[in-house]
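File shown here: upload12.txt, holding compact mmCIF, C-alpha atoms.
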# COMPACT_ATOMS: atom_id res chain seq x y z
CA MET M 223 -3.23 31.32 -22.39
CA PRO M 224 -3.51 27.51 -22.65
CA ARG M 225 -6.55 26.23 -24.56
CA TRP M 226 -7.81 24.19 -21.59
CA LEU M 227 -8.21 27.31 -19.43
CA PRO M 228 -11.69 28.79 -19.82
CA ARG M 229 -12.01 32.39 -20.83
CA ALA M 230 -13.21 34.58 -18.01
CA LYS M 231 -14.14 38.19 -17.59
CA ASN M 232 -11.29 40.43 -16.58
CA ARG M 233 -11.75 41.06 -12.91
CA THR M 234 -9.40 41.93 -10.12
CA VAL M 235 -8.98 39.37 -7.41
CA THR M 236 -9.62 40.92 -4.04
CA ASP M 237 -7.33 40.70 -1.04
CA GLU M 238 -10.11 38.86 0.77
CA GLU M 239 -10.21 36.19 -1.98
CA LEU M 240 -6.43 35.83 -1.91
CA ASP M 241 -6.47 35.60 1.89
CA GLY M 242 -9.05 32.80 1.63
CA LEU M 243 -6.96 31.02 -0.99
CA LEU M 244 -3.81 31.35 1.09
CA ASP M 245 -5.61 30.07 4.18
CA VAL M 246 -6.77 26.97 2.30
CA LEU M 247 -3.30 26.41 0.80
CA TYR M 248 -1.62 26.65 4.22
CA LYS M 249 -4.07 24.15 5.68
CA MET M 250 -3.62 21.85 2.69
CA ARG M 251 0.17 22.08 3.06
CA ASP M 252 -0.21 21.05 6.70
CA GLY M 253 -2.33 18.00 5.81
CA ASP M 254 -5.87 19.30 6.35
CA PHE M 255 -7.67 18.10 3.22
CA THR M 256 -11.13 18.92 4.59
CA VAL M 257 -10.86 22.65 3.87
CA ARG M 258 -12.50 24.14 0.75
CA LEU M 259 -12.87 27.51 -0.84
CA SER M 260 -16.43 28.69 -0.34
CA PRO M 261 -18.94 29.16 -3.19
CA ARG M 262 -18.74 32.93 -2.82
CA ASP M 263 -15.14 32.69 -4.09
CA ARG M 264 -16.18 30.99 -7.34
CA GLN M 265 -16.62 33.82 -9.84
CA GLY M 266 -14.62 34.29 -13.06
CA ARG M 267 -11.10 32.94 -13.39
CA PHE M 268 -10.64 32.94 -9.62
CA GLY M 269 -13.78 30.83 -9.41
CA GLU M 270 -12.21 28.29 -11.76
CA VAL M 271 -9.05 28.25 -9.60
CA ALA M 272 -11.27 27.66 -6.54
CA ARG M 273 -13.14 24.79 -8.22
CA VAL M 274 -9.91 23.08 -9.35
CA LEU M 275 -8.29 23.53 -5.93
CA ASN M 276 -11.36 22.01 -4.28
CA GLU M 277 -11.13 19.05 -6.70
CA VAL M 278 -7.44 18.57 -5.81
CA LEU M 279 -8.43 18.63 -2.13
CA ASP M 280 -11.14 16.03 -2.89
CA HIS M 281 -8.48 13.76 -4.43
CA CYS M 282 -6.11 14.27 -1.48
CA GLU M 283 -8.87 13.55 1.01
CA GLN M 284 -10.00 10.47 -0.92
CA LEU M 285 -6.45 9.06 -1.05
CA SER M 286 -5.90 9.78 2.64
CA ASP M 287 -9.20 8.10 3.57
CA GLU M 288 -8.41 5.10 1.37
CA LEU M 289 -4.95 4.67 2.89
CA GLN M 290 -6.47 4.77 6.37
CA ARG M 291 -9.15 2.26 5.34
CA VAL M 292 -6.63 -0.25 3.96
CA SER M 293 -4.29 0.27 6.91
CA GLY M 294 -7.16 -0.43 9.30
CA ILE M 295 -8.19 -3.63 7.49
CA VAL M 296 -4.61 -4.92 7.38
CA SER M 297 -3.93 -3.94 11.01
CA THR M 298 -7.24 -4.92 12.57
CA ASP M 299 -8.46 -7.83 10.42
CA GLY M 300 -5.03 -9.06 9.31
CA ARG M 301 -6.23 -9.26 5.70
CA LEU M 302 -3.10 -8.92 3.59
CA SER M 303 -5.10 -9.09 0.36
CA GLU M 304 -6.71 -5.64 0.76
CA ARG M 305 -5.63 -3.02 -1.80
CA VAL M 306 -5.96 0.74 -2.30
CA SER M 307 -8.45 1.94 -4.88
CA ILE M 308 -9.22 5.54 -5.82
CA SER M 309 -11.09 7.11 -8.71
CA PRO M 310 -9.98 8.68 -10.89
CA ALA M 311 -6.54 7.08 -10.66
CA ARG M 312 -4.73 8.97 -13.39
CA GLY M 313 -1.33 10.55 -13.60
CA ALA M 314 0.69 10.63 -10.39
CA TRP M 315 -2.42 9.62 -8.40
CA GLY M 316 -2.60 6.36 -10.36
CA LYS M 317 1.15 5.81 -10.20
CA SER M 318 1.09 6.25 -6.42
CA VAL M 319 -1.79 3.81 -5.99
CA ARG M 320 -0.13 1.23 -8.28
CA ALA M 321 3.21 1.62 -6.45
CA LEU M 322 1.58 1.18 -3.05
CA ASN M 323 -0.41 -1.86 -4.18
CA GLN M 324 2.71 -3.37 -5.74
CA MET M 325 4.57 -2.88 -2.46
CA LEU M 326 1.70 -4.55 -0.58
CA ASP M 327 1.87 -7.48 -3.04
CA GLU M 328 5.63 -7.80 -2.62
CA VAL M 329 5.34 -7.91 1.17
CA SER M 330 2.18 -9.98 1.52
CA GLU M 331 3.13 -12.71 -0.96
CA PRO M 332 6.13 -14.06 1.00
CA VAL M 333 4.37 -13.58 4.35
CA THR M 334 1.38 -15.57 3.10
CA SER M 335 3.73 -18.23 1.75
CA VAL M 336 5.51 -18.45 5.11
CA ALA M 337 2.15 -18.92 6.87
CA ARG M 338 1.26 -21.70 4.40
CA ILE M 339 4.56 -23.49 5.09
CA LEU M 340 4.18 -23.15 8.87
CA ASP M 341 0.65 -24.60 8.58
CA SER M 342 2.10 -27.53 6.60
CA VAL M 343 4.79 -28.12 9.24
CA ALA M 344 2.19 -27.98 12.02
CA ASN M 345 0.19 -30.62 10.11
CA GLY M 346 3.24 -32.87 9.80
CA ASP M 347 4.12 -32.11 6.16
CA LEU M 348 7.80 -31.20 6.14
CA SER M 349 8.18 -31.27 2.34
CA GLN M 350 6.93 -27.75 1.58
CA ARG M 351 9.28 -24.75 1.14
CA VAL M 352 8.86 -20.98 0.73
CA ASP M 353 9.64 -19.77 -2.78
CA LEU M 354 12.57 -17.34 -2.59
CA THR M 355 11.37 -15.41 -5.64
CA SER M 356 8.48 -13.05 -6.18
CA ARG M 357 6.73 -11.76 -9.28
CA HIS M 358 9.57 -9.32 -9.80
CA GLY M 359 12.57 -11.57 -9.13
CA GLU M 360 14.38 -12.84 -6.10
CA LEU M 361 13.44 -11.76 -2.59
CA HIS M 362 15.81 -9.40 -0.79
CA GLY M 363 16.44 -8.07 2.70
CA ASP M 364 14.06 -8.94 5.52
CA LEU M 365 11.70 -10.84 3.23
CA LEU M 366 14.52 -13.09 2.02
CA ARG M 367 15.71 -13.60 5.61
CA LEU M 368 12.19 -14.58 6.72
CA ALA M 369 11.65 -17.02 3.85
CA ALA M 370 15.13 -18.56 4.14
CA SER M 371 14.75 -18.98 7.92
CA VAL M 372 11.46 -20.85 7.53
CA ASN M 373 13.03 -23.06 4.85
CA ARG M 374 16.02 -23.81 7.12
CA MET M 375 13.66 -24.64 9.98
CA ALA M 376 11.67 -27.03 7.78
CA ASP M 377 14.91 -28.63 6.51
CA GLN M 378 16.22 -29.11 10.06
CA MET M 379 12.91 -30.54 11.26
CA SER M 380 12.90 -32.91 8.31
CA GLU M 381 16.45 -34.06 9.11
CA ILE M 382 15.56 -34.62 12.77
CA THR M 383 12.43 -36.55 11.78
CA ASP M 384 14.45 -38.71 9.38
CA GLU M 385 17.04 -39.43 12.09
CA VAL M 386 14.41 -40.26 14.72
CA THR M 387 12.69 -42.56 12.23
CA ARG M 388 16.00 -44.28 11.40
CA VAL M 389 16.89 -44.81 15.08
CA ALA M 390 13.37 -46.06 15.91
CA ARG M 391 13.55 -48.51 13.00
CA GLU M 392 16.98 -49.79 14.09
CA VAL M 393 15.86 -50.27 17.69
CA GLY M 394 12.36 -51.50 16.98
CA THR M 395 12.80 -53.80 14.03
CA GLU M 396 16.47 -54.59 13.96
CA GLY M 397 17.12 -54.59 17.70
CA LYS M 398 20.21 -52.36 17.47
CA LEU M 399 20.52 -50.31 20.65
CA GLY M 400 23.81 -48.58 19.80
CA GLY M 401 22.50 -46.52 16.85

Would it be possible to restate this file's structure as structure tokens?
Amino acid sequence: MPRWLPRAKNRTVTDEELDGLLDVLYKMRDGDFTVRLSPRDRQGRFGEVARVLNEVLDHCEQLSDELQRVSGIVSTDGRLSERVSISPARGAWGKSVRALNQMLDEVSEPVTSVARILDSVANGDLSQRVDLTSRHGELHGDLLRLAASVNRMADQMSEITDEVTRVAREVGTEGKLGG
């Protein structure tokens, strides 16, 4: 027996206890993290199994609630800076939270940059461009397409502005109507 398992009295687990455990496991498998084994099922080694299973369900429920919270803030408030936070975030729980937050960073960074560039264009500053790299290297896929499209738009608008300025100068100051 592993050292981390507490010693317990030898006792036979009843069919009723196993039925309760199976019921909770089925519900957990199907995504119901609100179920728990009742306190009456918490004696001896089976009681330790019940306590640990309830703790696992607590972690699942906390992660599910946190994902829904962040999704709601991003969807409803449009705040791309919101991140997932759970405690304790160890092992695969922590890896999952870090991976999700990294993905949010990778998506929100170029989108925020695009919004900044569009604001600049709307204010008449055509010199700004979206950076085609992220913290982890070059952008790819849809994010690259979005950033490159905004940069092309700003380049084209800048060229048009330069040409309109040139023609206006030729007509207005130099009197050339054929330009």

- Item | Å distance separating atom CA of Val246 of chain M from atom CA of Gln284 of chain M, one decimal place |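 Rounded to one decimal, the two atoms are 17.1 Å apart.
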
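If all atoms listed in the file are the atoms counted, then among M:Arg351, M:His281, M:Arg338, M:Arg388 the closest residue to Ser309 of chain M is M:His281.
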
- Item | Distance of atom CA of Glu396 of chain M from atom CA of Glu381 of chain M, expressed in Å to one decimal place | 21.1 Å

- Message: Let me make sure I understand: among M:Arg374, M:Arg267, M:Arg291, M:His358, which one has the smallest atom-to-atom distance to Arg233 of chain M if we use all atoms listed in the file?
- Response: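 Of all the options, M:Arg267 lies closest to Arg233 of chain M.
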
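Remark: for His362 of chain M, the closest of the candidate residues M:Val329, M:Leu279, M:Val271, M:Val296 is M:Val329 (distances computed over all atoms listed in the file).
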